[in-house]
Amino acid sequence: MPLPSLARIPAPPDPILGLAETFRADTRTGKVNLSSGVFVDDTGTTPVLQTVIEAERRLADAAGTKLYRPIDGEAGYREQVRALVLGADHEAVTSGRALATQTPGGTGGLRVAADLVRSTGGGQTMWMSEPTWPNHPQMFHAAGFRVRTYPYTDPTGLRIDEEAMLGALAGASPGDVVLLHGACHNPTGVDPSPELWRRIGDVIEERRLLPLVDLAYQGFGDGLREDAAGLLELVRPGSELIVSTSFSKTFSLYAERVGAVIVIASSAADAAAVQSHVKAVIRVNYSNPPAHGADVVRTILADAELRPRWELELAAMRNRIKDNRRLLVSALEARSVPGNWSSIATQRGMFALLGLTTHQVARLRDEHGVYVVGHGRINVAGFTPDNLDPFADALAAVIATS
Ligand code: LMR
């Protein structure tokens, strides 16, 4: 019996990507996929950005090489990403105490961060919001963490229960890791205010916790700098934290798996030492990173003509999502669907959480061909002129007969 017997028992499907597989296999016409967080245009397709096409043309003309890349990625990419997240003039950048590493997407960055902490004797407990992205608990559990949750939104789901959140974090032990969503909280779309970020920073400092910030949507909320402002509240003199970022959504480079992990240590010397451990955990995992996506991102960020064009493309995606939010609220209110929907219009990022029961989610799928994630998380960026009304009709029908 060469394979372990447990391997013969099928694993449960992934709560998000598993749905995409079921959706693909669904033969009904008019099916609607609002499950995984991907941006689509009015025709329902996910276009390659014009700046990406131009960068790829330049890269092809330059006829580079397919040699291995450095374990932590190419220096130009690492520098651009660090400046994009923290700001080129930030003290953590100019002092050299923040160092970036290329990773395979944001998920890869989170996993590298987890392996770094576990392999160097860091805290074993990871605190995360309830609710959070479904891959967070399973990923950090797989990496050897004990997962604990802190309360996030209040029972309405529309506001953060600040005292409950801070109270839970005040009970964390020194060295524990606190996972925070940098912007565009997944799944709720509800982000901390600047004042709450300050208070979170205070608790982290007092309790000597290690923040790990998941920044997968920088620029999808209010803007590039605006969406990094919260995490910058945590970058205080001498403070230490880890940020994982992703370019899947903001460069529409989903399939290229390009992201980064940024470690901010208290000094440049410590950062250099930590970087050696980052490289060690990568070497025993995927060895070194793929080149193409990082080359595209670096080409765009470093180019005086392409970069502002990309920022316009990013703004167009952000504005389309905001428009979709308003259109969704209007569609639900026009049908008098019971519920308080108006705040969906002012939430941030790709997702909204409708607070549905498991049964309602199943009925949407089985009776109407509408795919949403658990508790009714919807990808607001997935609405088109063709699927918005069918979705609103389906939701109205399911809620009316629940
Ligand atoms: C999502 O939350 O839908 C995205 O981040 C895609 C994914 O990998 O789950």
# chains A, B, ... in the order shown; residues from 1 in each chain; ligands from 1
$ residues_around --residues "Thr188 of chain A" --least-positions-apart "4" --cutoff "7 Å" --atoms "only C-alpha atoms" --output "PDB file with C-alpha atoms, in the first residue's frame"
ATOM      1  CA  PHE A 351     -16.509  41.842  -1.967  1.00  0.00           C
ATOM      2  CA  ALA A 352     -19.747  42.279  -0.074  1.00  0.00           C
ATOM      3  CA  LEU A 353     -21.137  39.860   2.469  1.00  0.00           C
TER       4      LEU A 353
END
$ closest_atom_pairs --of "chain A" --to "ligand 1" --cutoff "7 Å" --atoms "only C-alpha atoms and all ligand atoms" --output "JSON lines"
{"residue": "A:Ile16", "atom": "CA", "partner": "ligand 1", "partner_atom_place_in_ligand_line": "9 (O)", "distance": 5.5}
{"residue": "A:Leu17", "atom": "CA", "partner": "ligand 1", "partner_atom_place_in_ligand_line": "9 (O)", "distance": 6.2}
{"residue": "A:Ser35", "atom": "CA", "partner": "ligand 1", "partner_atom_place_in_ligand_line": "3 (O)", "distance": 6.3}
{"residue": "A:Ser36", "atom": "CA", "partner": "ligand 1", "partner_atom_place_in_ligand_line": "3 (O)", "distance": 3.3}
{"residue": "A:Gly37", "atom": "CA", "partner": "ligand 1", "partner_atom_place_in_ligand_line": "3 (O)", "distance": 3.7}
{"residue": "A:Val38", "atom": "CA", "partner": "ligand 1", "partner_atom_place_in_ligand_line": "3 (O)", "distance": 7.0}
{"residue": "A:Trp133", "atom": "CA", "partner": "ligand 1", "partner_atom_place_in_ligand_line": "2 (O)", "distance": 6.0}
{"residue": "A:Asn135", "atom": "CA", "partner": "ligand 1", "partner_atom_place_in_ligand_line": "9 (O)", "distance": 6.7}
{"residue": "A:Asn186", "atom": "CA", "partner": "ligand 1", "partner_atom_place_in_ligand_line": "2 (O)", "distance": 6.6}
$ atom_distance --atom1 "atom CA of Ala142 of chain A" --atom2 "atom CA of Pro290 of chain A"
23.4 Å
$ residues_around --residues "segment 193-199 of chain A" --least-positions-apart "4" --cutoff "7 Å" --atoms "only C-alpha atoms" --output "PyMOL selection string"
chain A and resi 203+230+233
$ closest_atom_pairs --of "segment 154-250 of chain A" --to "segment 338-349 of chain A" --cutoff "6 Å" --atoms "only C-alpha atoms" --output "CSV"
residue,atom,partner,partner_atom,distance
A:Cys184,CA,A:Gly349,CA,4.4
A:Gly189,CA,A:Arg348,CA,4.9
A:Val190,CA,A:Gln347,CA,5.7
A:Phe220,CA,A:Gly349,CA,5.3
A:Gly221,CA,A:Arg348,CA,4.9
$ closest_residue --among "A:Ala216, A:Ala143, A:Ala362, A:Ala331" --to "Arg118 of chain A" --atoms "only C-alpha atoms"
A:Ala143
$ closest_residue --among "A:Asp202, A:Glu256, A:Asp270, A:Asp41" --to "Ala316 of chain A" --atoms "only C-alpha atoms"
A:Asp41
$ closest_residue --among "A:Val112, A:Val48, A:Ala397, A:Ala294" --to "His277 of chain A" --atoms "only C-alpha atoms"
A:Val112
$ closest_residue --among "A:Gly106, A:Val337, A:Val278, A:Thr299" --to "Ala62 of chain A" --atoms "only C-alpha atoms"
A:Thr299
$ residues_around --residues "Thr132 of chain A" --least-positions-apart "2" --cutoff "8 Å" --atoms "only C-alpha atoms" --output "JSON, numbers by chain"
{"A": [128, 129, 130, 134, 136, 185, 186, 187]}
$ select_by_dssp --residues "segment 108-302 of chain A" --states "strand (DSSP E or B)" --output "ChimeraX atom specification"
/A:125-130,146-151,153,160,177-181,210-215,241-246,259-264
$ residues_around --residues "segment 23-27 of chain A" --least-positions-apart "3" --cutoff "12 Å" --atoms "only C-alpha atoms" --output "JSON, numbers by chain"
{"A": [16, 17, 18, 19, 20, 30, 31, 32, 33, 34, 35, 36, 365, 366, 368, 369, 370, 371, 372, 373]}
$ residues_around --residues "His359 of chain A" --least-positions-apart "3" --cutoff "10 Å" --atoms "only C-alpha atoms" --output "list of chain:residue names"
A:Leu356, A:Ala362, A:Arg363, A:Leu364, A:Arg365, A:Gly374, A:His375, A:Val398, A:Ser402
$ write_last_selection --atoms "all heavy atoms" --output "PDB file, in the first residue's frame"
ATOM      1  N   LEU A 356     -26.159  35.511   4.153  1.00  0.00           N
ATOM      2  CA  LEU A 356     -27.145  34.484   3.817  1.00  0.00           C
ATOM      3  C   LEU A 356     -26.877  33.207   4.602  1.00  0.00           C
ATOM      4  O   LEU A 356     -25.755  32.961   5.049  1.00  0.00           O
ATOM      5  CB  LEU A 356     -27.107  34.182   2.313  1.00  0.00           C
ATOM      6  CG  LEU A 356     -27.290  35.373   1.372  1.00  0.00           C
ATOM      7  CD1 LEU A 356     -27.242  34.909  -0.077  1.00  0.00           C
ATOM      8  CD2 LEU A 356     -28.596  36.117   1.666  1.00  0.00           C
ATOM      9  N   ALA A 362     -27.213  27.641  -1.056  1.00  0.00           N
ATOM     10  CA  ALA A 362     -27.439  26.426  -1.860  1.00  0.00           C
ATOM     11  C   ALA A 362     -28.613  26.625  -2.820  1.00  0.00           C
ATOM     12  O   ALA A 362     -28.567  26.196  -3.982  1.00  0.00           O
ATOM     13  CB  ALA A 362     -27.693  25.237  -0.934  1.00  0.00           C
ATOM     14  N   ARG A 363     -29.654  27.298  -2.357  1.00  0.00           N
ATOM     15  CA  ARG A 363     -30.816  27.519  -3.241  1.00  0.00           C
ATOM     16  C   ARG A 363     -30.457  28.448  -4.404  1.00  0.00           C
ATOM     17  O   ARG A 363     -30.920  28.247  -5.527  1.00  0.00           O
ATOM     18  CB  ARG A 363     -31.988  28.102  -2.436  1.00  0.00           C
ATOM     19  CG  ARG A 363     -32.676  27.067  -1.558  1.00  0.00           C
ATOM     20  CD  ARG A 363     -33.947  27.639  -0.956  1.00  0.00           C
ATOM     21  NE  ARG A 363     -34.876  28.096  -1.978  1.00  0.00           N
ATOM     22  CZ  ARG A 363     -35.828  29.013  -1.770  1.00  0.00           C
ATOM     23  NH1 ARG A 363     -35.962  29.564  -0.583  1.00  0.00           N
ATOM     24  NH2 ARG A 363     -36.637  29.377  -2.746  1.00  0.00           N
ATOM     25  N   LEU A 364     -29.651  29.474  -4.118  1.00  0.00           N
ATOM     26  CA  LEU A 364     -29.215  30.353  -5.211  1.00  0.00           C
ATOM     27  C   LEU A 364     -28.540  29.531  -6.300  1.00  0.00           C
ATOM     28  O   LEU A 364     -28.781  29.723  -7.494  1.00  0.00           O
ATOM     29  CB  LEU A 364     -28.236  31.412  -4.685  1.00  0.00           C
ATOM     30  CG  LEU A 364     -28.820  32.652  -4.024  1.00  0.00           C
ATOM     31  CD1 LEU A 364     -27.698  33.528  -3.458  1.00  0.00           C
ATOM     32  CD2 LEU A 364     -29.659  33.475  -5.011  1.00  0.00           C
ATOM     33  N   ARG A 365     -27.682  28.612  -5.850  1.00  0.00           N
ATOM     34  CA  ARG A 365     -26.928  27.797  -6.815  1.00  0.00           C
ATOM     35  C   ARG A 365     -27.852  26.776  -7.506  1.00  0.00           C
ATOM     36  O   ARG A 365     -27.892  26.694  -8.734  1.00  0.00           O
ATOM     37  CB  ARG A 365     -25.793  27.073  -6.076  1.00  0.00           C
ATOM     38  CG  ARG A 365     -24.868  26.288  -6.992  1.00  0.00           C
ATOM     39  CD  ARG A 365     -23.840  25.513  -6.192  1.00  0.00           C
ATOM     40  NE  ARG A 365     -24.472  24.549  -5.309  1.00  0.00           N
ATOM     41  CZ  ARG A 365     -24.330  24.530  -3.981  1.00  0.00           C
ATOM     42  NH1 ARG A 365     -23.570  25.393  -3.364  1.00  0.00           N
ATOM     43  NH2 ARG A 365     -24.972  23.621  -3.248  1.00  0.00           N
ATOM     44  N   GLY A 374     -19.731  31.054   0.786  1.00  0.00           N
ATOM     45  CA  GLY A 374     -20.438  30.862   2.053  1.00  0.00           C
ATOM     46  C   GLY A 374     -20.873  32.169   2.709  1.00  0.00           C
ATOM     47  O   GLY A 374     -20.164  33.170   2.650  1.00  0.00           O
ATOM     48  N   HIS A 375     -22.054  32.145   3.358  1.00  0.00           N
ATOM     49  CA  HIS A 375     -22.663  33.320   4.009  1.00  0.00           C
ATOM     50  C   HIS A 375     -22.996  34.426   3.006  1.00  0.00           C
ATOM     51  O   HIS A 375     -23.225  35.565   3.389  1.00  0.00           O
ATOM     52  CB  HIS A 375     -21.782  33.878   5.133  1.00  0.00           C
ATOM     53  CG  HIS A 375     -21.430  32.846   6.166  1.00  0.00           C
ATOM     54  ND1 HIS A 375     -22.384  32.284   6.997  1.00  0.00           N
ATOM     55  CD2 HIS A 375     -20.252  32.264   6.478  1.00  0.00           C
ATOM     56  CE1 HIS A 375     -21.801  31.391   7.776  1.00  0.00           C
ATOM     57  NE2 HIS A 375     -20.510  31.350   7.478  1.00  0.00           N
ATOM     58  N   VAL A 398     -35.242  33.984  -3.406  1.00  0.00           N
ATOM     59  CA  VAL A 398     -34.761  33.100  -2.336  1.00  0.00           C
ATOM     60  C   VAL A 398     -35.080  33.691  -0.964  1.00  0.00           C
ATOM     61  O   VAL A 398     -35.557  32.983  -0.058  1.00  0.00           O
ATOM     62  CB  VAL A 398     -33.236  32.841  -2.503  1.00  0.00           C
ATOM     63  CG1 VAL A 398     -32.632  32.260  -1.236  1.00  0.00           C
ATOM     64  CG2 VAL A 398     -33.000  31.898  -3.678  1.00  0.00           C
ATOM     65  N   SER A 402     -37.749  32.092   2.052  1.00  0.00           N
ATOM     66  CA  SER A 402     -36.920  31.399   3.064  1.00  0.00           C
ATOM     67  C   SER A 402     -37.680  31.332   4.380  1.00  0.00           C
ATOM     68  O   SER A 402     -38.365  32.267   4.756  1.00  0.00           O
ATOM     69  CB  SER A 402     -35.625  32.147   3.312  1.00  0.00           C
ATOM     70  OG  SER A 402     -34.819  32.075   2.188  1.00  0.00           O
TER      71      SER A 402
END
$ closest_residue --among "A:Ile262, A:Leu67, A:Val40, A:Leu99" --to "Pro385 of chain A" --atoms "only C-alpha atoms"
A:Val40
$ atom_distance --atom1 "atom CA of Trp127 of chain A" --atom2 "atom CA of Ala170 of chain A"
11.4 Å
$ select_by_dssp --residues "segment 138-359 of chain A" --states "alpha helix (DSSP H)" --output "VMD selection string"
chain A and resid 138 to 142 162 to 170 194 to 207 224 to 232 268 to 283 292 to 302 306 to 334 358 to 359
$ closest_residue --among "A:Leu3, A:Asn324, A:Arg97, A:Asp161" --to "Ala269 of chain A" --atoms "only C-alpha atoms"
A:Arg97
$ closest_atom_pairs --of "segment 179-283 of chain A" --to "segment 85-91 of chain A" --cutoff "8 Å" --atoms "only C-alpha atoms" --output "tab-separated table"
residue	atom	partner	partner_atom	distance
A:Arg225	CA	A:Val85	CA	7.9
A:Ala228	CA	A:Val85	CA	6.4
A:Leu232	CA	A:Leu86	CA	7.0
$ atom_distance --atom1 "atom CA of Ala271 of chain A" --atom2 "atom CA of Thr250 of chain A"
27.3 Å
$ residues_around --residues "Gln218 of chain A" --least-positions-apart "3" --cutoff "12 Å" --atoms "only C-alpha atoms" --output "short mmCIF file (atom, residue, chain, number, x, y, z; two decimals) with N, CA, C and O atoms, in the first residue's frame"
data_model
loop_
_atom_site.label_atom_id
_atom_site.label_comp_id
_atom_site.auth_asym_id
_atom_site.auth_seq_id
_atom_site.Cartn_x
_atom_site.Cartn_y
_atom_site.Cartn_z
N VAL A 81 8.45 47.34 -5.59
CA VAL A 81 7.32 46.89 -4.78
C VAL A 81 7.37 47.51 -3.38
O VAL A 81 6.36 47.96 -2.84
N LEU A 84 6.18 50.97 -3.68
CA LEU A 84 4.74 51.04 -3.97
C LEU A 84 3.93 50.88 -2.69
O LEU A 84 2.94 51.57 -2.46
N VAL A 85 4.35 49.96 -1.84
CA VAL A 85 3.58 49.67 -0.63
C VAL A 85 3.86 50.72 0.45
O VAL A 85 2.93 51.28 1.05
N LEU A 86 5.12 51.00 0.70
CA LEU A 86 5.46 51.83 1.86
C LEU A 86 5.66 53.30 1.49
O LEU A 86 5.59 54.18 2.36
N GLY A 106 -0.03 36.64 -3.69
CA GLY A 106 -0.18 37.02 -2.28
C GLY A 106 -0.26 35.78 -1.39
O GLY A 106 0.22 35.78 -0.25
N HIS A 181 -6.24 42.72 7.42
CA HIS A 181 -6.44 42.99 5.99
C HIS A 181 -6.07 44.44 5.76
O HIS A 181 -6.69 45.34 6.35
N GLY A 182 -5.08 44.70 4.91
CA GLY A 182 -4.59 46.07 4.74
C GLY A 182 -5.66 47.02 4.21
O GLY A 182 -5.74 48.18 4.62
N ALA A 183 -6.47 46.55 3.30
CA ALA A 183 -7.57 47.36 2.73
C ALA A 183 -8.53 46.40 2.04
O ALA A 183 -8.13 45.31 1.65
N CYS A 184 -9.78 46.84 1.88
CA CYS A 184 -10.77 46.04 1.15
C CYS A 184 -10.97 44.67 1.81
O CYS A 184 -10.75 43.62 1.19
N HIS A 185 -11.39 44.71 3.07
CA HIS A 185 -11.52 43.46 3.85
C HIS A 185 -12.31 42.40 3.09
O HIS A 185 -13.40 42.68 2.56
N VAL A 213 0.21 41.76 7.62
CA VAL A 213 -0.83 42.48 6.88
C VAL A 213 -0.98 41.87 5.49
O VAL A 213 -0.01 41.79 4.73
N ASP A 214 -2.19 41.46 5.18
CA ASP A 214 -2.50 40.91 3.86
C ASP A 214 -3.05 42.05 3.00
O ASP A 214 -4.16 42.53 3.22
N LEU A 215 -2.24 42.48 2.05
CA LEU A 215 -2.60 43.65 1.21
C LEU A 215 -2.77 43.16 -0.23
O LEU A 215 -1.89 43.33 -1.06
N GLY A 221 -9.57 50.07 -3.30
CA GLY A 221 -10.46 50.72 -2.33
C GLY A 221 -10.63 52.19 -2.65
O GLY A 221 -11.56 52.59 -3.35
N ASP A 222 -9.68 53.01 -2.17
CA ASP A 222 -9.76 54.45 -2.40
C ASP A 222 -8.62 54.97 -3.27
O ASP A 222 -8.69 56.09 -3.77
N GLY A 223 -7.53 54.22 -3.39
CA GLY A 223 -6.38 54.68 -4.17
C GLY A 223 -5.12 54.00 -3.64
O GLY A 223 -5.15 53.37 -2.57
N LEU A 224 -4.03 54.11 -4.39
CA LEU A 224 -2.81 53.39 -4.01
C LEU A 224 -2.29 53.84 -2.65
O LEU A 224 -1.99 53.02 -1.78
N ARG A 225 -2.11 55.15 -2.45
CA ARG A 225 -1.58 55.63 -1.18
C ARG A 225 -2.63 55.47 -0.07
O ARG A 225 -2.31 55.07 1.04
N GLU A 226 -3.89 55.80 -0.40
CA GLU A 226 -4.95 55.73 0.60
C GLU A 226 -5.06 54.31 1.18
O GLU A 226 -5.25 54.13 2.38
N ASP A 227 -4.94 53.30 0.31
CA ASP A 227 -5.14 51.92 0.76
C ASP A 227 -3.95 51.38 1.56
O ASP A 227 -4.04 50.31 2.17
N ALA A 228 -2.83 52.10 1.51
CA ALA A 228 -1.68 51.68 2.32
C ALA A 228 -1.60 52.46 3.63
O ALA A 228 -0.79 52.15 4.50
N ALA A 229 -2.48 53.46 3.78
CA ALA A 229 -2.36 54.35 4.94
C ALA A 229 -2.57 53.60 6.26
O ALA A 229 -1.90 53.90 7.26
N GLY A 230 -3.49 52.65 6.27
CA GLY A 230 -3.77 51.92 7.51
C GLY A 230 -2.56 51.17 8.00
O GLY A 230 -2.14 51.30 9.16
N LEU A 231 -1.95 50.40 7.12
CA LEU A 231 -0.80 49.60 7.57
C LEU A 231 0.38 50.50 7.95
O LEU A 231 1.18 50.13 8.82
N VAL A 243 4.32 42.35 5.62
CA VAL A 243 3.23 42.66 4.69
C VAL A 243 3.32 41.68 3.52
O VAL A 243 4.41 41.46 2.98
N SER A 244 2.18 41.12 3.15
CA SER A 244 2.14 40.32 1.93
C SER A 244 1.28 41.06 0.92
O SER A 244 0.18 41.53 1.26
N THR A 245 1.77 41.22 -0.29
CA THR A 245 0.97 41.92 -1.29
C THR A 245 0.85 41.08 -2.56
O THR A 245 1.60 40.12 -2.75
N SER A 246 -0.11 41.45 -3.39
CA SER A 246 -0.43 40.65 -4.57
C SER A 246 -0.69 41.56 -5.75
O SER A 246 -1.26 42.64 -5.59
N PHE A 247 -0.31 41.13 -6.94
CA PHE A 247 -0.63 41.90 -8.15
C PHE A 247 -1.61 41.15 -9.04
O PHE A 247 -1.82 41.54 -10.20
N SER A 248 -2.22 40.09 -8.49
CA SER A 248 -3.23 39.35 -9.26
C SER A 248 -4.33 40.28 -9.71
O SER A 248 -4.70 40.31 -10.89
N LYS A 249 -4.88 41.05 -8.77
CA LYS A 249 -6.06 41.86 -9.08
C LYS A 249 -5.65 43.21 -9.67
O LYS A 249 -6.22 43.66 -10.66
N THR A 250 -4.66 43.88 -9.06
CA THR A 250 -4.41 45.26 -9.43
C THR A 250 -3.69 45.39 -10.77
O THR A 250 -3.74 46.45 -11.39
N PHE A 251 -3.02 44.34 -11.20
CA PHE A 251 -2.45 44.32 -12.55
C PHE A 251 -3.20 43.31 -13.43
O PHE A 251 -2.77 43.04 -14.55
N GLY A 259 3.53 38.40 -6.61
CA GLY A 259 3.26 39.16 -5.40
C GLY A 259 4.57 39.35 -4.65
O GLY A 259 5.65 39.19 -5.23
N GLU A 311 -1.87 53.40 -13.59
CA GLU A 311 -2.66 53.96 -12.49
C GLU A 311 -4.05 54.36 -12.98
O GLU A 311 -5.03 54.25 -12.24
N LEU A 314 -5.98 51.14 -13.28
CA LEU A 314 -6.37 50.72 -11.93
C LEU A 314 -7.57 51.54 -11.46
O LEU A 314 -8.53 50.98 -10.90
N ALA A 315 -7.52 52.85 -11.68
CA ALA A 315 -8.63 53.71 -11.26
C ALA A 315 -9.92 53.33 -11.99
O ALA A 315 -11.01 53.35 -11.40
N ARG A 318 -11.28 50.33 -10.27
CA ARG A 318 -11.84 50.74 -8.96
C ARG A 318 -13.19 51.41 -9.16
O ARG A 318 -14.15 51.11 -8.44
N ARG A 348 -15.68 48.87 0.59
CA ARG A 348 -14.51 48.95 -0.29
C ARG A 348 -14.12 47.58 -0.85
O ARG A 348 -14.25 46.57 -0.18
N GLY A 349 -13.59 47.65 -2.07
CA GLY A 349 -12.98 46.45 -2.64
C GLY A 349 -13.96 45.58 -3.41
O GLY A 349 -15.06 46.01 -3.76
N MET A 350 -13.55 44.34 -3.64
CA MET A 350 -14.30 43.47 -4.55
C MET A 350 -15.50 42.81 -3.92
O MET A 350 -16.37 42.31 -4.63
#
